Protein chains: 2
Amino acid sequence: MISPTAEYALRAVVAIAQAGGDAIVTPNIAVTTKVPAGYLAKVLQTLRKAGLVDSKRGLGGGFTLAKPADKVSVLDVVKAVEPIKRIEQCPLDIETHGTNLCPLHKRLDEAYELVEQTFASVTIAELLDVPGRSTPLCQKDQVIALNPPSSETQ
Amino acid sequence: MISPTAEYALRAVVAIAQAGGDAIVTPNIAVTTKVPAGYLAKVLQTLRKAGLVDSKRGLGGGFTLAKPADKVSVLDVVKAVEPIKRIEQCPLDIETHGTNLCPLHKRLDEAYELVEQTFASVTIAELLDVPGRSTPLCQKDQVIALNPPSSETQ
């Protein structure tokens, strides 16, 4: 139900968070997230403008999270790239309805609110720290390829 | 978050339910729902194939609900035209994940499940019967135009 752009942004933020503070460059994020590099570059710029990631050019440069992963919610990321469109007034432009939504649109909007609340309640840190589940995004061989053995314990 | 097609289908079903058993023709549903008539005709055919509405040709013909409005949920309508895409396996095609979703996709799917549950819990009848809220879809002058005065009390 979220857009591909929002899903790609989430993958990118998770991949950056997984690097544990090390800067990670776009081509490596593209491999981990399986997002086309050109598309990913635009998503990363949007995330940077929204203050969720920092970027540094040059040797040792790349993307890092701008805040600790436990201070960034799934909703923060979704909102930065493609906010969930809440229904604030009658989509049929019925003048007598205005912001007094009819029951159909009220119920739809309540469902959207639930999604927002769910996304707001989950931080990126929580996504990285779930024992017994698959590691977010990374295949083992990709993790080895992207990180030197000494940093594998992060 | 639902697609325009799903929203249009909901408007159409609500409009048909509002007619209270009287058959209602596509041009009148188009006026009430503000959905382009060509688009609406396709949506109505999909709803008919899904067994949610019946249609009858000729004089006095038009669309009626195939089941009582309290037996049709918002989810039934959404599923008929454009089901919510649940995440059943890793969207990144990571072989080692398979159906064991990573926490990111597990959380996203949980939010989608919540939406499905919310939609399943609301019937079309409930949308028509909310005191103090705007009448679903209809402007007063449109109701008068579409129904003879004697049926205005429904």
# chains A, B, ... in the order shown; residues from 1 in each chain; ligands from 1

$ residues_around --residues "Thr118 in chain A" --least-positions-apart "6" --cutoff "9 Å" --atoms "only C-alpha atoms" --output "list in words"
Val74 and Leu75 of chain A; Arg107, Leu108, Glu110 and Ala111 of chain B

$ write_last_selection --atoms "C-alpha atoms" --output "PDB file, in the first residue's frame"
ATOM      1  CA  VAL A  74       9.186   4.236   9.736  1.00  0.00           C
ATOM      2  CA  LEU A  75       6.679   7.084   9.458  1.00  0.00           C
TER       3      LEU A  75
ATOM      4  CA  ARG B 107       5.997  -4.548   9.944  1.00  0.00           C
ATOM      5  CA  LEU B 108       4.752  -3.166   6.640  1.00  0.00           C
ATOM      6  CA  GLU B 110       1.224  -5.962   9.646  1.00  0.00           C
ATOM      7  CA  ALA B 111       0.044  -2.450   8.805  1.00  0.00           C
TER       8      ALA B 111
END

$ residues_around --residues "range 50-55 of chain A" --least-positions-apart "3" --cutoff "6 Å" --atoms "only C-alpha atoms" --output "list of chain:residue names"
A:Leu47, A:Gly62, A:Phe63, A:Thr64, A:Leu65, A:Ala66, A:Ala80

$ atom_distance --atom1 "CA of Gln89 in chain A" --atom2 "CA of Ala6 in chain B"
18.2 Å

$ select_by_dssp --residues "range 54-130 of chain B" --states "helix (DSSP H, G or I)" --output "ChimeraX atom specification"
/B:69-71,74-81,103-120,124-128

$ write_last_selection --atoms "N, CA and C atoms" --output "compact mmCIF listing (two decimals), in the first residue's frame"
# COMPACT_ATOMS: atom_id res chain seq x y z
N ALA B 69 -27.04 -4.95 2.26
CA ALA B 69 -25.91 -4.04 2.53
C ALA B 69 -25.18 -4.38 3.82
N ASP B 70 -25.88 -5.08 4.74
CA ASP B 70 -25.19 -5.45 5.99
C ASP B 70 -24.41 -6.75 5.84
N LYS B 71 -24.43 -7.31 4.65
CA LYS B 71 -23.62 -8.53 4.39
C LYS B 71 -22.45 -8.23 3.45
N VAL B 74 -16.65 -3.28 3.46
CA VAL B 74 -15.77 -2.43 2.66
C VAL B 74 -14.66 -3.28 2.03
N LEU B 75 -14.16 -4.26 2.79
CA LEU B 75 -13.10 -5.13 2.26
C LEU B 75 -13.59 -5.93 1.06
N ASP B 76 -14.85 -6.44 1.12
CA ASP B 76 -15.40 -7.19 -0.02
C ASP B 76 -15.30 -6.37 -1.30
N VAL B 77 -15.65 -5.09 -1.18
CA VAL B 77 -15.66 -4.23 -2.37
C VAL B 77 -14.23 -3.97 -2.85
N VAL B 78 -13.35 -3.64 -1.92
CA VAL B 78 -11.95 -3.37 -2.29
C VAL B 78 -11.33 -4.61 -2.93
N LYS B 79 -11.57 -5.78 -2.31
CA LYS B 79 -11.00 -7.04 -2.83
C LYS B 79 -11.50 -7.35 -4.23
N ALA B 80 -12.76 -6.99 -4.51
CA ALA B 80 -13.35 -7.31 -5.81
C ALA B 80 -12.65 -6.57 -6.94
N VAL B 81 -12.21 -5.35 -6.67
CA VAL B 81 -11.64 -4.56 -7.77
C VAL B 81 -10.12 -4.43 -7.71
N PRO B 103 12.24 -7.94 9.36
CA PRO B 103 11.38 -7.09 10.21
C PRO B 103 10.76 -5.91 9.45
N LEU B 104 11.48 -5.35 8.48
CA LEU B 104 10.91 -4.23 7.72
C LEU B 104 9.63 -4.67 7.02
N HIS B 105 9.72 -5.73 6.24
CA HIS B 105 8.56 -6.15 5.46
C HIS B 105 7.49 -6.79 6.35
N LYS B 106 7.91 -7.36 7.46
CA LYS B 106 6.93 -7.91 8.40
C LYS B 106 6.07 -6.78 8.98
N ARG B 107 6.73 -5.68 9.36
CA ARG B 107 6.00 -4.55 9.94
C ARG B 107 5.09 -3.90 8.90
N LEU B 108 5.59 -3.75 7.70
CA LEU B 108 4.75 -3.17 6.64
C LEU B 108 3.52 -4.04 6.42
N ASP B 109 3.74 -5.34 6.36
CA ASP B 109 2.62 -6.25 6.11
C ASP B 109 1.63 -6.23 7.28
N GLU B 110 2.13 -6.06 8.49
CA GLU B 110 1.22 -5.96 9.65
C GLU B 110 0.31 -4.75 9.51
N ALA B 111 0.87 -3.66 9.01
CA ALA B 111 0.04 -2.45 8.81
C ALA B 111 -1.03 -2.71 7.75
N TYR B 112 -0.65 -3.43 6.70
CA TYR B 112 -1.63 -3.75 5.64
C TYR B 112 -2.72 -4.67 6.20
N GLU B 113 -2.31 -5.57 7.08
CA GLU B 113 -3.29 -6.49 7.69
C GLU B 113 -4.29 -5.70 8.53
N LEU B 114 -3.78 -4.70 9.25
CA LEU B 114 -4.65 -3.83 10.06
C LEU B 114 -5.70 -3.14 9.19
N VAL B 115 -5.26 -2.68 8.03
CA VAL B 115 -6.18 -2.01 7.11
C VAL B 115 -7.25 -3.01 6.65
N GLU B 116 -6.81 -4.21 6.29
CA GLU B 116 -7.77 -5.24 5.87
C GLU B 116 -8.79 -5.51 6.98
N GLN B 117 -8.28 -5.63 8.21
CA GLN B 117 -9.19 -5.91 9.33
C GLN B 117 -10.18 -4.78 9.53
N THR B 118 -9.69 -3.54 9.42
CA THR B 118 -10.58 -2.39 9.58
C THR B 118 -11.65 -2.40 8.51
N PHE B 119 -11.24 -2.63 7.28
CA PHE B 119 -12.19 -2.65 6.16
C PHE B 119 -13.18 -3.81 6.30
N ALA B 120 -12.68 -4.94 6.82
CA ALA B 120 -13.57 -6.11 6.98
C ALA B 120 -14.62 -5.87 8.06
N ILE B 124 -21.32 -1.99 4.37
CA ILE B 124 -21.88 -0.88 3.60
C ILE B 124 -23.10 -0.31 4.33
N ALA B 125 -23.88 -1.19 4.97
CA ALA B 125 -25.05 -0.72 5.72
C ALA B 125 -24.64 0.27 6.81
N GLU B 126 -23.52 -0.02 7.46
CA GLU B 126 -23.05 0.88 8.54
C GLU B 126 -22.67 2.25 7.99
N LEU B 127 -22.22 2.29 6.77
CA LEU B 127 -21.83 3.58 6.18
C LEU B 127 -23.05 4.46 5.91
N LEU B 128 -24.21 3.80 5.74
CA LEU B 128 -25.43 4.56 5.42
C LEU B 128 -26.15 5.03 6.66

$ atom_distance --atom1 "CA of Pro36 in chain B" --atom2 "CA of Thr5 in chain A"
28.7 Å

$ select_by_dssp --residues "range 4-96 of chain A" --states "strand (DSSP E or B)" --output "PyMOL selection string"
chain A and resi 24+53-56+62-65+73

$ atom_distance --atom1 "CA of Thr123 in chain A" --atom2 "CA of Lys67 in chain A"
11.5 Å

$ closest_residue --among "A:Ile29, A:Val14, A:Val43, A:Ala37" --to "Glu82 in chain A" --atoms "only C-alpha atoms"
A:Val43
